Amino acid sequence: MSVREIRLFDDPILRRKAKRVQIIDSSIHKLIDDMLETLRDAAGVGLAANQVGVPLRVCVIRLPETEEEIVLINPQMVRKAGERVIPEGCLSIPGYVADIARAETVRVKGKDRHGKEIRVKGEELLAQALEHELDHLNGVLYIDHLESLDELRKVEPPSEEDEEVEGEDAETGDEGERQRAGL
Ligand code: CO
């Protein structure tokens with residue numbers, strides 16, 4: 001496994017609609033393993049393949065509280081319900097967050113790394129991450145949902161010090177803002 005370079009705004013690959021994966025072969029397994037390693041390295045919550053320069057419909061999510069990792073190949077939104085306004089950021093736009101409207105619950109279907117059909121139902125951070133990553137695969141960034149880029153707020157990027165205290169309960173108020181920056 002290796003950490004791949006995360007493409008930053010305004011790399012044109014982030015604007016390309018990713019293509020469906022036709023065959024889940026060893027190159028796709030390597031891509032998934034590298035994406036998970038890259039996501040852990042960045043202490044992020046979600047990553048889409050085009051963020052590491054591969055325009056294929058693959059995304060990974062890692063929930064910080066449980067460390068549960070979800071791999072989705074060719075994911076499709078099945079249902080969205082409710083609406084809430086929450087802070088959001090992106091690993092490709094480091095150092096910024098903004099409040100955006102997202103669904104309260106989402107249902108997504110896709111394939112896992114073995115090609116098995118799976119359905120994921122998400123609430124809270126998982127719902128947000130699923131919407132965010134599916135947007136990425138369509139070339140959409142969260143800033144596209146803002147009326148103005150003036151709505152962006154600067155935040156401190158995660159530092160190594162933060163990673164050392166990760167898992168402890170002594171978290172400050174802006175820790176959540178930082179975690180949500182990693183979608
Ligand atoms: Co993102």
# chains A, B, ... in the order shown; residues from 1 in each chain; ligands from 1
$ closest_atom_pairs --of "chain A" --to "ligand 1" --cutoff "8 Å" --atoms "only C-alpha atoms and all ligand atoms" --output "Markdown table"
| residue | atom | partner | partner_atom_place_in_ligand_line | distance |
| --- | --- | --- | --- | --- |
| A:Gly46 | CA | ligand 1 | 1 (Co) | 6.9 |
| A:Leu47 | CA | ligand 1 | 1 (Co) | 6.3 |
| A:Ala48 | CA | ligand 1 | 1 (Co) | 7.3 |
| A:Gln51 | CA | ligand 1 | 1 (Co) | 7.6 |
| A:Gly89 | CA | ligand 1 | 1 (Co) | 6.8 |
| A:Cys90 | CA | ligand 1 | 1 (Co) | 3.7 |
| A:Leu91 | CA | ligand 1 | 1 (Co) | 5.2 |
| A:Ser92 | CA | ligand 1 | 1 (Co) | 5.8 |
| A:Ile93 | CA | ligand 1 | 1 (Co) | 7.4 |
| A:His132 | CA | ligand 1 | 1 (Co) | 6.3 |
| A:Glu133 | CA | ligand 1 | 1 (Co) | 6.4 |
| A:His136 | CA | ligand 1 | 1 (Co) | 6.6 |
| A:Leu141 | CA | ligand 1 | 1 (Co) | 6.7 |
| A:Tyr142 | CA | ligand 1 | 1 (Co) | 7.3 |
| A:Gly182 | CA | ligand 1 | 1 (Co) | 6.9 |
| A:Leu183 | CA | ligand 1 | 1 (Co) | 4.4 |
$ residues_around --residues "Val45 of chain A" --least-positions-apart "5" --cutoff "12 Å" --atoms "only C-alpha atoms" --output "PyMOL selection string"
chain A and resi 35-40+59-70+88-91+125-130+132-133+176+178-183
$ residues_around --residues "Leu146 of chain A" --least-positions-apart "3" --cutoff "10 Å" --atoms "only C-alpha atoms" --output "list in words"
Ala98, Asp99, Ile100, Ala101, Leu141, Tyr142, Ile143, Leu149, Asp150, Glu151 and Leu152 of chain A
$ write_last_selection --atoms "C-alpha atoms" --output "mmCIF file, in the first residue's frame"
data_model
loop_
_atom_site.group_PDB
_atom_site.id
_atom_site.type_symbol
_atom_site.label_atom_id
_atom_site.label_comp_id
_atom_site.auth_asym_id
_atom_site.auth_seq_id
_atom_site.Cartn_x
_atom_site.Cartn_y
_atom_site.Cartn_z
ATOM 1 C CA ALA A 98 -18.423 26.301 4.857
ATOM 2 C CA ASP A 99 -21.956 25.586 6.001
ATOM 3 C CA ILE A 100 -23.963 23.727 3.381
ATOM 4 C CA ALA A 101 -27.321 21.976 3.153
ATOM 5 C CA LEU A 141 -17.208 20.079 -5.231
ATOM 6 C CA TYR A 142 -18.983 21.237 -2.077
ATOM 7 C CA ILE A 143 -18.144 24.846 -2.913
ATOM 8 C CA LEU A 149 -17.135 31.737 -2.020
ATOM 9 C CA ASP A 150 -17.276 34.478 0.654
ATOM 10 C CA GLU A 151 -19.083 31.833 2.740
ATOM 11 C CA LEU A 152 -15.830 29.869 3.127
#
$ select_by_dssp --residues "segment 5-179 of chain A" --states "strand (DSSP E or B)" --output "ChimeraX atom specification"
/A:19,46-48,56,58-62,69-81,84-88,96-102,105-111,117-123,153-154
$ residues_around --residues "Arg57 of chain A" --least-positions-apart "6" --cutoff "9 Å" --atoms "only C-alpha atoms" --output "list in words"
Lys17, Ala18, Lys19, Arg20, Val21, Ala48, Ala49, Asn50, Leu72, Ile73, Asn74, Pro75, Leu134, Leu137 and Asn138 of chain A
$ closest_residue --among "A:Val58, A:Ala81, A:Ile118, A:Ile6" --to "Val106 of chain A" --atoms "only C-alpha atoms"
A:Ala81
$ atom_distance --atom1 "atom CA of Arg113 of chain A" --atom2 "atom CA of Val52 of chain A"
17.8 Å
$ select_by_dssp --residues "segment 51-145 of chain A" --states "alpha helix (DSSP H)" --output "ChimeraX atom specification"
/A:124-137
